[in-house]
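Visitor: One file: run18.pdb (PDB, C-alpha atoms and all ligand atoms).
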```pdb
MODEL        1
ATOM      1  CA  MET E   1       0.000   0.000   0.000
ATOM      2  CA  ARG E   2       1.298   3.420  -0.937
ATOM      3  CA  SER E   3       2.460   5.925   1.690
ATOM      4  CA  TYR E   4       3.759   9.488   1.876
ATOM      5  CA  SER E   5       5.919  11.104   4.499
ATOM      6  CA  LEU E   6       5.261  14.830   4.828
ATOM      7  CA  ILE E   7       6.987  17.699   6.613
ATOM      8  CA  ALA E   8       4.477  19.957   8.405
ATOM      9  CA  PRO E   9       6.085  23.224   9.579
ATOM     10  CA  ALA E  10       4.838  25.406  12.439
ATOM     11  CA  LYS E  11       4.063  29.108  11.994
ATOM     12  CA  ILE E  12       4.522  32.282  13.986
ATOM     13  CA  ASN E  13       2.501  35.483  13.735
ATOM     14  CA  LEU E  14       4.685  38.449  12.876
ATOM     15  CA  TYR E  15       1.553  40.590  13.087
ATOM     16  CA  LEU E  16      -1.934  39.993  14.497
ATOM     17  CA  GLU E  17      -4.502  42.762  14.572
ATOM     18  CA  ILE E  18      -8.107  42.213  15.651
ATOM     19  CA  ILE E  19     -10.301  44.465  13.602
ATOM     20  CA  GLY E  20     -13.899  43.533  14.391
ATOM     21  CA  ASP E  21     -16.601  40.914  14.783
ATOM     22  CA  ARG E  22     -17.892  38.603  12.085
ATOM     23  CA  SER E  23     -21.413  37.339  11.662
ATOM     24  CA  ASP E  24     -20.132  33.740  12.106
ATOM     25  CA  GLY E  25     -18.960  34.563  15.651
ATOM     26  CA  TYR E  26     -15.288  34.742  14.695
ATOM     27  CA  HIS E  27     -13.114  37.860  14.466
ATOM     28  CA  GLU E  28     -12.041  39.849  11.444
ATOM     29  CA  LEU E  29      -8.251  39.769  11.517
ATOM     30  CA  ALA E  30      -5.289  41.269   9.719
ATOM     31  CA  MET E  31      -2.254  39.037  10.222
ATOM     32  CA  ILE E  32       1.140  38.251   8.800
ATOM     33  CA  LEU E  33       1.967  34.584   9.104
ATOM     34  CA  GLN E  34       5.411  33.074   8.762
ATOM     35  CA  SER E  35       6.431  29.418   8.423
ATOM     36  CA  ILE E  36       9.326  28.252  10.575
ATOM     37  CA  GLY E  37      11.704  25.314  10.462
ATOM     38  CA  LEU E  38      10.281  23.594  13.534
ATOM     39  CA  ALA E  39       8.083  20.885  12.007
ATOM     40  CA  ASP E  40       6.175  17.669  12.639
ATOM     41  CA  GLU E  41       6.519  14.618  10.420
ATOM     42  CA  ILE E  42       3.275  13.097   9.172
ATOM     43  CA  ASP E  43       3.088   9.705   7.503
ATOM     44  CA  VAL E  44      -0.094   9.020   5.547
ATOM     45  CA  ARG E  45      -0.710   5.459   4.333
ATOM     46  CA  SER E  46      -3.562   3.675   2.581
ATOM     47  CA  ILE E  47      -4.921   0.657   4.492
ATOM     48  CA  SER E  48      -7.235  -2.071   3.317
ATOM     49  CA  SER E  49      -9.929  -1.505   5.965
ATOM     50  CA  GLU E  50     -12.352   1.403   5.563
ATOM     51  CA  ASN E  51     -11.139   3.218   8.681
ATOM     52  CA  ILE E  52      -9.176   6.254   9.734
ATOM     53  CA  HIS E  53      -6.446   5.574  12.306
ATOM     54  CA  VAL E  54      -4.293   8.253  13.933
ATOM     55  CA  HIS E  55      -1.125   7.486  15.932
ATOM     56  CA  CYS E  56       1.027  10.051  17.672
ATOM     57  CA  ASN E  57       4.238   9.778  19.685
ATOM     58  CA  HIS E  58       3.116  12.633  21.987
ATOM     59  CA  PRO E  59       0.937  11.537  24.932
ATOM     60  CA  GLN E  60      -0.989  14.834  25.054
ATOM     61  CA  VAL E  61      -2.193  14.580  21.468
ATOM     62  CA  PRO E  62      -5.589  12.861  21.062
ATOM     63  CA  THR E  63      -5.944  10.257  18.341
ATOM     64  CA  ASP E  64      -9.729  10.434  18.029
ATOM     65  CA  LYS E  65     -12.078  12.849  16.238
ATOM     66  CA  THR E  66     -10.913  15.730  18.428
ATOM     67  CA  ASN E  67      -7.611  15.642  16.518
ATOM     68  CA  LEU E  68      -7.734  18.050  13.575
ATOM     69  CA  ALA E  69      -5.691  15.595  11.472
ATOM     70  CA  TYR E  70      -8.406  12.986  12.008
ATOM     71  CA  ARG E  71     -11.051  15.535  10.986
ATOM     72  CA  ALA E  72      -9.047  16.380   7.869
ATOM     73  CA  ALA E  73      -9.142  12.706   6.839
ATOM     74  CA  GLU E  74     -12.885  12.523   7.584
ATOM     75  CA  LEU E  75     -13.435  15.595   5.427
ATOM     76  CA  MET E  76     -11.605  13.963   2.514
ATOM     77  CA  VAL E  77     -13.696  10.793   2.929
ATOM     78  CA  ARG E  78     -16.885  12.890   2.827
ATOM     79  CA  GLN E  79     -15.753  14.973  -0.138
ATOM     80  CA  PHE E  80     -14.351  12.131  -2.236
ATOM     81  CA  PRO E  81     -16.398   8.982  -1.482
ATOM     82  CA  GLU E  82     -15.453   7.322  -4.773
ATOM     83  CA  ALA E  83     -11.744   7.670  -4.107
ATOM     84  CA  PHE E  84     -12.288   6.376  -0.562
ATOM     85  CA  ALA E  85     -14.114   3.351  -1.943
ATOM     86  CA  LYS E  86     -11.297   2.748  -4.441
ATOM     87  CA  TYR E  87      -8.245   3.301  -2.214
ATOM     88  CA  GLY E  88      -9.608   2.314   1.236
ATOM     89  CA  GLY E  89      -8.920   3.838   4.637
ATOM     90  CA  VAL E  90      -5.999   5.907   5.874
ATOM     91  CA  GLU E  91      -3.465   5.462   8.637
ATOM     92  CA  ILE E  92      -1.873   8.686   9.901
ATOM     93  CA  SER E  93       1.257   8.730  12.071
ATOM     94  CA  ILE E  94       2.275  12.023  13.647
ATOM     95  CA  LYS E  95       5.802  12.557  14.944
ATOM     96  CA  LYS E  96       5.426  15.667  17.103
ATOM     97  CA  GLN E  97       8.177  18.238  17.418
ATOM     98  CA  ILE E  98       5.919  21.298  17.581
ATOM     99  CA  PRO E  99       4.703  22.039  21.115
ATOM    100  CA  VAL E 100       0.942  21.523  21.486
ATOM    101  CA  ALA E 101      -1.575  24.315  22.275
ATOM    102  CA  ALA E 102       1.255  26.758  21.741
ATOM    103  CA  GLY E 103       0.048  29.366  19.230
ATOM    104  CA  LEU E 104       2.247  27.738  16.567
ATOM    105  CA  ALA E 105      -0.531  26.112  14.482
ATOM    106  CA  GLY E 106       0.697  22.602  15.341
ATOM    107  CA  GLY E 107      -2.744  21.013  14.894
ATOM    108  CA  SER E 108      -3.513  23.080  11.795
ATOM    109  CA  THR E 109      -0.289  22.115  10.014
ATOM    110  CA  ASN E 110      -0.956  18.417  10.763
ATOM    111  CA  ALA E 111      -4.416  18.786   9.213
ATOM    112  CA  ALA E 112      -2.933  20.546   6.172
ATOM    113  CA  ALA E 113      -0.439  17.670   5.771
ATOM    114  CA  VAL E 114      -3.258  15.119   5.856
ATOM    115  CA  LEU E 115      -5.139  17.010   3.111
ATOM    116  CA  VAL E 116      -2.001  17.121   0.955
ATOM    117  CA  GLY E 117      -1.137  13.478   1.738
ATOM    118  CA  ILE E 118      -4.583  12.099   0.915
ATOM    119  CA  ASP E 119      -4.713  14.200  -2.261
ATOM    120  CA  LEU E 120      -1.526  12.383  -3.318
ATOM    121  CA  LEU E 121      -2.597   8.935  -2.100
ATOM    122  CA  TRP E 122      -5.896   9.168  -3.932
ATOM    123  CA  LYS E 123      -4.391  10.871  -7.005
ATOM    124  CA  LEU E 124      -7.005  13.637  -6.819
ATOM    125  CA  GLY E 125      -4.818  16.364  -8.350
ATOM    126  CA  LEU E 126      -6.326  19.129  -6.200
ATOM    127  CA  THR E 127      -4.963  22.641  -6.719
ATOM    128  CA  GLN E 128      -3.432  24.681  -3.898
ATOM    129  CA  SER E 129      -6.551  26.851  -3.694
ATOM    130  CA  GLU E 130      -8.819  23.785  -3.560
ATOM    131  CA  LEU E 131      -6.743  22.389  -0.702
ATOM    132  CA  GLU E 132      -6.883  25.775   1.053
ATOM    133  CA  GLU E 133     -10.635  25.958   0.660
ATOM    134  CA  LEU E 134     -11.048  22.486   2.173
ATOM    135  CA  GLY E 135      -8.653  23.520   4.942
ATOM    136  CA  SER E 136     -10.662  26.619   5.801
ATOM    137  CA  THR E 137     -13.575  24.429   6.924
ATOM    138  CA  LEU E 138     -11.285  22.776   9.492
ATOM    139  CA  GLY E 139      -9.638  25.825  11.077
ATOM    140  CA  SER E 140      -8.597  29.390  10.376
ATOM    141  CA  ASP E 141      -4.847  28.630  10.140
ATOM    142  CA  VAL E 142      -5.113  25.472   8.014
ATOM    143  CA  PRO E 143      -5.208  27.250   4.601
ATOM    144  CA  PHE E 144      -1.963  29.119   5.356
ATOM    145  CA  CYS E 145      -0.236  25.923   6.469
ATOM    146  CA  VAL E 146      -0.763  24.299   3.037
ATOM    147  CA  ALA E 147       1.638  26.537   1.078
ATOM    148  CA  GLY E 148       3.250  28.367   4.024
ATOM    149  CA  GLY E 149       6.079  30.827   3.513
ATOM    150  CA  THR E 150       5.211  34.426   4.357
ATOM    151  CA  ALA E 151       1.669  35.733   3.802
ATOM    152  CA  ILE E 152      -0.872  38.349   4.768
ATOM    153  CA  ALA E 153      -4.000  36.661   6.146
ATOM    154  CA  THR E 154      -7.287  38.512   6.496
ATOM    155  CA  GLY E 155     -10.939  37.559   7.065
ATOM    156  CA  ARG E 156     -10.970  34.773   9.641
ATOM    157  CA  GLY E 157      -7.335  34.194   8.738
ATOM    158  CA  GLU E 158      -8.136  32.135   5.656
ATOM    159  CA  GLN E 159      -7.852  34.850   2.973
ATOM    160  CA  LEU E 160      -4.227  34.749   1.936
ATOM    161  CA  SER E 161      -1.973  37.084  -0.040
ATOM    162  CA  PRO E 162       1.549  35.690  -0.371
ATOM    163  CA  LEU E 163       4.496  37.964   0.388
ATOM    164  CA  PRO E 164       8.059  37.512  -0.874
ATOM    165  CA  SER E 165       9.761  34.778   1.134
ATOM    166  CA  LEU E 166      11.666  35.639   4.256
ATOM    167  CA  ASP E 167      14.257  32.969   4.775
ATOM    168  CA  ASN E 168      16.999  32.688   7.328
ATOM    169  CA  ILE E 169      15.860  35.034  10.045
ATOM    170  CA  CYS E 170      16.902  33.118  13.158
ATOM    171  CA  ILE E 171      14.401  32.519  15.920
ATOM    172  CA  VAL E 172      14.337  31.347  19.514
ATOM    173  CA  LEU E 173      10.983  29.967  20.686
ATOM    174  CA  ALA E 174      10.160  29.663  24.378
ATOM    175  CA  LYS E 175       7.212  27.697  25.723
ATOM    176  CA  TYR E 176       6.371  26.247  29.115
ATOM    177  CA  ARG E 177       5.533  22.613  28.448
ATOM    178  CA  SER E 178       2.569  22.481  30.829
ATOM    179  CA  LEU E 179       1.179  25.935  30.035
ATOM    180  CA  GLU E 180      -1.647  26.061  27.513
ATOM    181  CA  VAL E 181      -3.784  29.001  26.416
ATOM    182  CA  SER E 182      -7.170  28.386  24.828
ATOM    183  CA  THR E 183      -7.474  30.326  21.572
ATOM    184  CA  ALA E 184     -11.255  30.592  22.041
ATOM    185  CA  TRP E 185     -10.715  32.039  25.537
ATOM    186  CA  ALA E 186      -8.174  34.593  24.280
ATOM    187  CA  TYR E 187     -10.492  35.911  21.543
ATOM    188  CA  LYS E 188     -13.551  35.886  23.806
ATOM    189  CA  THR E 189     -11.710  37.820  26.513
ATOM    190  CA  TYR E 190     -10.422  40.293  23.953
ATOM    191  CA  ARG E 191     -13.984  40.883  22.758
ATOM    192  CA  GLN E 192     -15.181  41.428  26.351
ATOM    193  CA  GLN E 193     -12.415  43.906  27.109
ATOM    194  CA  PHE E 194     -11.860  45.700  23.827
ATOM    195  CA  GLY E 195     -15.001  44.978  21.778
ATOM    196  CA  ASP E 196     -16.053  48.632  22.121
ATOM    197  CA  SER E 197     -13.213  49.631  19.809
ATOM    198  CA  TYR E 198     -14.178  47.167  17.030
ATOM    199  CA  ILE E 199     -14.962  48.580  13.612
ATOM    200  CA  ARG E 200     -18.653  47.969  12.937
ATOM    201  CA  ASP E 201     -19.346  48.911   9.317
ATOM    202  CA  SER E 202     -18.218  46.669   6.498
ATOM    203  CA  ASP E 203     -16.601  49.387   4.329
ATOM    204  CA  ASN E 204     -14.339  50.464   7.162
ATOM    205  CA  LEU E 205     -13.581  46.851   8.043
ATOM    206  CA  GLU E 206     -12.438  46.219   4.494
ATOM    207  CA  ALA E 207     -10.389  49.422   4.434
ATOM    208  CA  ARG E 208      -8.624  48.437   7.670
ATOM    209  CA  ALA E 209      -7.926  44.923   6.377
ATOM    210  CA  ASN E 210      -6.529  46.408   3.164
ATOM    211  CA  ALA E 211      -4.380  48.861   5.115
ATOM    212  CA  VAL E 212      -2.167  46.029   6.338
ATOM    213  CA  HIS E 213      -1.010  45.466   2.739
ATOM    214  CA  SER E 214       0.684  48.861   2.745
ATOM    215  CA  GLY E 215       1.636  48.839   6.441
ATOM    216  CA  ALA E 216       5.123  49.368   7.859
ATOM    217  CA  ILE E 217       5.826  45.703   8.562
ATOM    218  CA  VAL E 218       4.922  44.678   5.003
ATOM    219  CA  LYS E 219       7.286  47.355   3.700
ATOM    220  CA  ALA E 220      10.015  45.968   5.981
ATOM    221  CA  ILE E 221       9.314  42.438   4.651
ATOM    222  CA  LEU E 222       9.516  43.672   1.050
ATOM    223  CA  ASP E 223      12.833  45.356   1.944
ATOM    224  CA  LYS E 224      13.981  42.122   3.689
ATOM    225  CA  ASP E 225      14.991  44.357   6.601
ATOM    226  CA  SER E 226      14.942  41.958   9.558
ATOM    227  CA  GLY E 227      15.759  44.697  12.100
ATOM    228  CA  GLU E 228      12.799  46.764  10.945
ATOM    229  CA  ILE E 229      10.503  43.697  10.798
ATOM    230  CA  ALA E 230      11.429  42.953  14.400
ATOM    231  CA  GLN E 231      10.606  46.531  15.442
ATOM    232  CA  LYS E 232       7.150  46.320  13.874
ATOM    233  CA  LEU E 233       6.057  42.978  15.391
ATOM    234  CA  HIS E 234       2.567  43.277  16.836
ATOM    235  CA  ASN E 235      -0.006  41.002  18.480
ATOM    236  CA  ASP E 236      -3.274  42.367  19.930
ATOM    237  CA  LEU E 237      -3.825  39.135  21.899
ATOM    238  CA  GLU E 238      -0.866  40.024  24.130
ATOM    239  CA  ARG E 239      -3.216  42.545  25.738
ATOM    240  CA  VAL E 240      -5.311  39.751  27.239
ATOM    241  CA  VAL E 241      -2.782  36.928  27.599
ATOM    242  CA  LEU E 242       0.172  38.726  29.228
ATOM    243  CA  PRO E 243      -1.779  40.080  32.242
ATOM    244  CA  VAL E 244      -3.238  36.625  33.017
ATOM    245  CA  TYR E 245      -0.082  34.577  32.375
ATOM    246  CA  PRO E 246       2.845  36.164  34.274
ATOM    247  CA  GLN E 247       5.237  33.483  32.967
ATOM    248  CA  VAL E 248       4.569  34.599  29.397
ATOM    249  CA  PHE E 249       5.024  38.230  30.398
ATOM    250  CA  GLN E 250       8.333  37.332  32.066
ATOM    251  CA  LEU E 251       9.595  35.569  28.916
ATOM    252  CA  ARG E 252       8.731  38.675  26.871
ATOM    253  CA  GLU E 253      10.635  40.857  29.347
ATOM    254  CA  ILE E 254      13.694  38.617  29.451
ATOM    255  CA  PHE E 255      13.948  38.447  25.651
ATOM    256  CA  ALA E 256      13.381  42.200  25.320
ATOM    257  CA  ASN E 257      16.308  42.901  27.659
ATOM    258  CA  GLN E 258      18.870  40.618  26.023
ATOM    259  CA  GLU E 259      21.483  42.177  23.794
ATOM    260  CA  GLY E 260      21.276  40.910  20.207
ATOM    261  CA  VAL E 261      17.511  40.354  20.214
ATOM    262  CA  LEU E 262      16.048  42.194  17.210
ATOM    263  CA  GLY E 263      12.502  41.955  18.562
ATOM    264  CA  THR E 264      10.209  39.675  20.547
ATOM    265  CA  MET E 265       6.480  38.860  20.561
ATOM    266  CA  MET E 266       3.961  36.228  21.615
ATOM    267  CA  SER E 267       2.804  34.014  18.733
ATOM    268  CA  GLY E 268      -0.938  33.709  18.023
ATOM    269  CA  SER E 269      -2.911  33.235  21.224
ATOM    270  CA  GLY E 270       0.259  32.070  22.957
ATOM    271  CA  PRO E 271       1.734  31.002  25.197
ATOM    272  CA  THR E 272       4.833  30.654  22.967
ATOM    273  CA  VAL E 273       7.065  33.721  22.877
ATOM    274  CA  PHE E 274       9.555  34.137  20.033
ATOM    275  CA  ALA E 275      12.560  36.372  19.499
ATOM    276  CA  LEU E 276      14.276  37.226  16.209
ATOM    277  CA  PHE E 277      18.030  37.288  15.546
ATOM    278  CA  GLU E 278      20.453  38.092  12.741
ATOM    279  CA  SER E 279      22.486  34.918  13.257
ATOM    280  CA  GLU E 280      22.137  31.403  14.599
ATOM    281  CA  GLN E 281      25.139  32.018  16.850
ATOM    282  CA  GLN E 282      23.308  34.887  18.573
ATOM    283  CA  ALA E 283      20.128  32.813  18.839
ATOM    284  CA  GLU E 284      22.030  29.931  20.481
ATOM    285  CA  LYS E 285      23.729  32.361  22.865
ATOM    286  CA  ILE E 286      20.447  33.930  23.990
ATOM    287  CA  LYS E 287      18.835  30.503  24.308
ATOM    288  CA  LEU E 288      21.554  29.606  26.838
ATOM    289  CA  GLN E 289      21.145  32.917  28.661
ATOM    290  CA  VAL E 290      17.376  32.442  28.989
ATOM    291  CA  ARG E 291      17.973  28.888  30.201
ATOM    292  CA  GLU E 292      20.283  30.284  32.906
ATOM    293  CA  ALA E 293      17.879  33.111  33.813
ATOM    294  CA  ILE E 294      14.865  30.775  34.220
ATOM    295  CA  VAL E 295      15.796  27.581  35.994
ATOM    296  CA  ASP E 296      12.674  25.568  35.248
ATOM    297  CA  GLU E 297      12.633  22.217  33.481
ATOM    298  CA  ASP E 298       9.136  22.960  32.254
ATOM    299  CA  LEU E 299      10.516  25.637  29.941
ATOM    300  CA  GLU E 300      11.231  24.392  26.400
ATOM    301  CA  LEU E 301      13.495  26.440  24.138
ATOM    302  CA  PHE E 302      14.015  25.888  20.407
ATOM    303  CA  VAL E 303      16.328  27.535  17.905
ATOM    304  CA  THR E 304      14.839  27.630  14.431
ATOM    305  CA  ARG E 305      14.523  29.961  11.439
ATOM    306  CA  THR E 306      12.031  31.380   8.991
ATOM    307  CA  ILE E 307      11.438  29.108   5.979
ATOM    308  CA  THR E 308       9.831  29.588   2.593
ATOM    309  CA  HIS E 309       7.428  26.650   2.368
ATOM    310  CA  GLY E 310       4.465  24.883   3.958
ATOM    311  CA  ILE E 311       3.701  21.180   3.584
ATOM    312  CA  GLN E 312       6.416  19.267   1.728
ATOM    313  CA  VAL E 313       6.727  15.662   0.672
ATOM    314  CA  ALA E 314       9.840  14.156   2.301
ATOM    315  CA  SER E 315       9.501  10.698   0.739
ATOM    316  CA  SER E 316       7.030   8.263  -0.743
ATOM    317  CA  VAL E 317       7.008   4.484  -0.990
TER     318      VAL E 317
HETATM  319  O1  LIG C 401     -10.434  28.540  13.571
HETATM  320  P1  LIG C 401      -9.879  27.949  14.807
HETATM  321  O2  LIG C 401     -10.563  26.672  15.196
HETATM  322  O3  LIG C 401      -8.398  27.834  14.829
HETATM  323  O4  LIG C 401     -10.225  29.000  15.966
HETATM  324  C1  LIG C 401     -10.196  28.667  17.332
HETATM  325  C2  LIG C 401     -11.053  29.672  18.105
HETATM  326  O5  LIG C 401     -10.457  30.974  18.044
HETATM  327  C3  LIG C 401     -12.448  29.856  17.512
HETATM  328  O6  LIG C 401     -13.342  28.967  18.090
HETATM  329  C4  LIG C 401     -12.784  31.288  17.887
HETATM  330  O7  LIG C 401     -13.270  31.325  19.207
HETATM  331  C5  LIG C 401     -11.433  31.986  17.887
HETATM  332  N1  LIG C 401     -11.170  32.729  16.628
HETATM  333  C6  LIG C 401     -11.819  33.932  16.399
HETATM  334  N2  LIG C 401     -11.581  34.602  15.228
HETATM  335  C7  LIG C 401     -10.729  34.120  14.302
HETATM  336  C8  LIG C 401     -10.040  32.907  14.518
HETATM  337  C9  LIG C 401     -10.292  32.232  15.694
HETATM  338  O8  LIG C 401     -12.602  34.405  17.220
HETATM  339  N3  LIG C 401     -10.541  34.812  13.179
ENDMDL
END
```
Output the structure of this file as structure tokens.
Guide:
Amino acid sequence: MRSYSLIAPAKINLYLEIIGDRSDGYHELAMILQSIGLADEIDVRSISSENIHVHCNHPQVPTDKTNLAYRAAELMVRQFPEAFAKYGGVEISIKKQIPVAAGLAGGSTNAAAVLVGIDLLWKLGLTQSELEELGSTLGSDVPFCVAGGTAIATGRGEQLSPLPSLDNICIVLAKYRSLEVSTAWAYKTYRQQFGDSYIRDSDNLEARANAVHSGAIVKAILDKDSGEIAQKLHNDLERVVLPVYPQVFQLREIFANQEGVLGTMMSGSGPTVFALFESEQQAEKIKLQVREAIVDEDLELFVTRTITHGIQVASSV
């Protein structure tokens, strides 16, 4: 039976602005998303029984329908019943490197990999935009994870405009293993606290979403000016997460005060904090310094870099 091994990279948010409410209960966003080298490995294999099986080496990751990768496979079964009947069920193995519930789109990138993997297994020949459209029904970050790279994301996060690739900006990620922040909680709390400032009329909403295209951080990305990018990092959700999670606030402070850090920010709804660097040497140095400053085995630190792609096929047999 045929199988594909896929690389599923994490993402960080270089920019996250909450603009207003949507009629579907979500938020209108203007974001800049960036793929990073930290990635999971997903193996997708056809099996003779008509089932979906998910395995994962990480004890915290569910293997039932609550796993977005499982739901991605179910979606493909529903959408392409003839292919399912022809090729049979799917076994999905997830080798986790990306911390879970971290604001790094770990679940979303696994789901994107399953869509890409089943498209290949079942020889469907779906286009990137078809895969993205399927992905948008699973989660707001799934469409971006398909092609990855650097992109502006508006709407719920699913409307993508690619930006020129930013490769080789070095990154340190910091996440407390046992600390999780619920994305739904972060957005709900933001609405409670700052909903008064939301833009209400659709013309102004569209104008604000369009404004990000000509904003300072996009200019810095076009100029490939990593120092300027780092100065323009922004995440509205920090306003609700940092006051409630002092450990995340402390990580932000420690990174901000280290020499050589170009800029630092929480990713997505957190609790991962990232810092940007010119060189890997500097990133490794600061990683050690943070490790010395916070003596806590619960704290995970990763050195990685910006990359120019989303889901990639590593091998097929
Ligand atoms: O789309 P996804 O499942 O990743 O979103 C998780 C939660 O984050 C949603 O249930 C919603 O509460 C919140 N969210 C939002 N607006 C967005 C994206 C997510 O309110 N644009």
Visitor: Within 6 Å of (19.9, 31.1, 12.7), all atoms listed in the file: residues as a PDB file with C-alpha atoms, in the coordinates of the input?
Guide:
```
ATOM      1  CA  CYS E 170      16.902  33.118  13.158  1.00  0.00           C
ATOM      2  CA  SER E 279      22.486  34.918  13.257  1.00  0.00           C
ATOM      3  CA  GLU E 280      22.137  31.403  14.599  1.00  0.00           C
ATOM      4  CA  ARG E 305      14.523  29.961  11.439  1.00  0.00           C
TER       5      ARG E 305
END
```
Visitor: List as a PyMOL selection string the protein and nucleic acid residues near Ile294 in chain E, meaning an atom at most 10 Å away when all atoms listed in the file are counted, but skip any in the same chain fewer than 4 places from it.
Guide: chain E and resi 250-251+254+289-290+298-299
Visitor: Produce the centre coordinates and the three edge lengths, each in Å to one decimal, of the box along x, y and z that contains all listed atoms of ligand LIG 401 (chain C) with 5 Å added on each side, as lines of an AutoDock Vina configuration file.
Guide:
```
center_x = -10.9
center_y = 30.7
center_z = 16.2
size_x = 14.9
size_y = 18.1
size_z = 16.0
```
Visitor: Interatomic distance between CA of Glu238 in chain E and CA of Asp203 in chain E?
Guide: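 A separation of 27.0 Å between them.
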Visitor: Which one of E:Leu29, E:Leu233, E:Val44, E:Val244 sits closest to ligand LIG 401 (chain C) if you count only C-alpha atoms and all ligand atoms?
Guide: E:Leu29
Visitor: Just want the residues within 7 Å of ligand LIG 401 (chain C), written as a count of residues only, counting only C-alpha atoms and all ligand atoms.
Guide: 17
Visitor: Using the chain letters and numbering of this document, enumerate as a count of residues only the residues selected by the PyMOL selection byres (((chain E and resi 20) around 7) and not hetatm).
Guide: 9
Visitor: Expressed in Å to a single decimal, how great is the separation between CA of Leu163 in chain E and CA of Pro143 in chain E?
Guide: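 One can read the CA of Leu163 in chain E to CA of Pro143 in chain E distance as 15.1 Å.
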Visitor: Produce a table with one row for each residue of range 97-208 of chain E that has an atom at most 10 Å from any atom of range 47-58 of chain E, each row naming the nearest atom pair and its distance in Å at one decimal; use only C-alpha atoms; arrange rows by chain and rising residue number; format as a Markdown table.
Guide:
```
| residue | atom | partner | partner_atom | distance |
| --- | --- | --- | --- | --- |
| E:Gln97 | CA | E:His58 | CA | 8.8 |
| E:Pro99 | CA | E:His58 | CA | 9.6 |
| E:Val100 | CA | E:His58 | CA | 9.2 |
```
Visitor: Using only C-alpha atoms, list the residues that have an atom at most 12 Å from (12.6, 43.9, 6.5), coordinates as in the file, as a PyMOL selection string.
Guide: chain E and resi 14+163-167+169+216-233+262+276+278
Visitor: Kindly resolve the PyMOL selection byres (((chain E and resi 108) around 8) and not hetatm) on the present coordinates and return the residues as number ranges by chain.
Guide: E: 68-69, 105-107, 109-112, 139, 141-142, 145
Visitor: Would you mind exporting C-alpha atoms of the selected residues as an mmCIF file, in the frame of the given file?
Guide:
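So the final result, stored in part_11.cif, reads:
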```
data_model
loop_
_atom_site.group_PDB
_atom_site.id
_atom_site.type_symbol
_atom_site.label_atom_id
_atom_site.label_comp_id
_atom_site.auth_asym_id
_atom_site.auth_seq_id
_atom_site.Cartn_x
_atom_site.Cartn_y
_atom_site.Cartn_z
ATOM 1 C CA LEU E 68 -7.734 18.050 13.575
ATOM 2 C CA ALA E 69 -5.691 15.595 11.472
ATOM 3 C CA ALA E 105 -0.531 26.112 14.482
ATOM 4 C CA GLY E 106 0.697 22.602 15.341
ATOM 5 C CA GLY E 107 -2.744 21.013 14.894
ATOM 6 C CA THR E 109 -0.289 22.115 10.014
ATOM 7 C CA ASN E 110 -0.956 18.417 10.763
ATOM 8 C CA ALA E 111 -4.416 18.786 9.213
ATOM 9 C CA ALA E 112 -2.933 20.546 6.172
ATOM 10 C CA GLY E 139 -9.638 25.825 11.077
ATOM 11 C CA ASP E 141 -4.847 28.630 10.140
ATOM 12 C CA VAL E 142 -5.113 25.472 8.014
ATOM 13 C CA CYS E 145 -0.236 25.923 6.469
#
```
Visitor: Please complete range 261-268 of chain E so it has N, CA, C and O atoms, and hand it over as a JSON list (two decimals), keeping the file's coordinate frame.
Guide:
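Everything below was put into selection06.json:
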```json
[["chain", "number", "residue", "atom", "x", "y", "z"],
["E", 261, "VAL", "N", 18.88, 40.69, 20.62],
["E", 261, "VAL", "CA", 17.51, 40.35, 20.21],
["E", 261, "VAL", "C", 16.97, 41.49, 19.34],
["E", 261, "VAL", "O", 16.94, 42.64, 19.76],
["E", 262, "LEU", "N", 16.57, 41.15, 18.11],
["E", 262, "LEU", "CA", 16.05, 42.19, 17.21],
["E", 262, "LEU", "C", 14.65, 42.62, 17.63],
["E", 262, "LEU", "O", 14.26, 43.78, 17.47],
["E", 263, "GLY", "N", 13.87, 41.67, 18.13],
["E", 263, "GLY", "CA", 12.50, 41.96, 18.56],
["E", 263, "GLY", "C", 11.90, 40.69, 19.13],
["E", 263, "GLY", "O", 12.39, 39.58, 18.87],
["E", 264, "THR", "N", 10.84, 40.84, 19.92],
["E", 264, "THR", "CA", 10.21, 39.67, 20.55],
["E", 264, "THR", "C", 8.70, 39.88, 20.61],
["E", 264, "THR", "O", 8.23, 41.02, 20.69],
["E", 265, "MET", "N", 7.95, 38.78, 20.59],
["E", 265, "MET", "CA", 6.48, 38.86, 20.56],
["E", 265, "MET", "C", 5.91, 37.49, 20.92],
["E", 265, "MET", "O", 6.59, 36.48, 20.75],
["E", 266, "MET", "N", 4.68, 37.48, 21.42],
["E", 266, "MET", "CA", 3.96, 36.23, 21.62],
["E", 266, "MET", "C", 3.41, 35.80, 20.25],
["E", 266, "MET", "O", 3.02, 36.64, 19.45],
["E", 267, "SER", "N", 3.36, 34.50, 20.00],
["E", 267, "SER", "CA", 2.80, 34.01, 18.73],
["E", 267, "SER", "C", 1.34, 33.63, 18.90],
["E", 267, "SER", "O", 0.98, 32.92, 19.86],
["E", 268, "GLY", "N", 0.48, 34.07, 18.00],
["E", 268, "GLY", "CA", -0.94, 33.71, 18.02],
["E", 268, "GLY", "C", -1.56, 34.02, 19.38],
["E", 268, "GLY", "O", -1.34, 35.08, 19.95]]
```
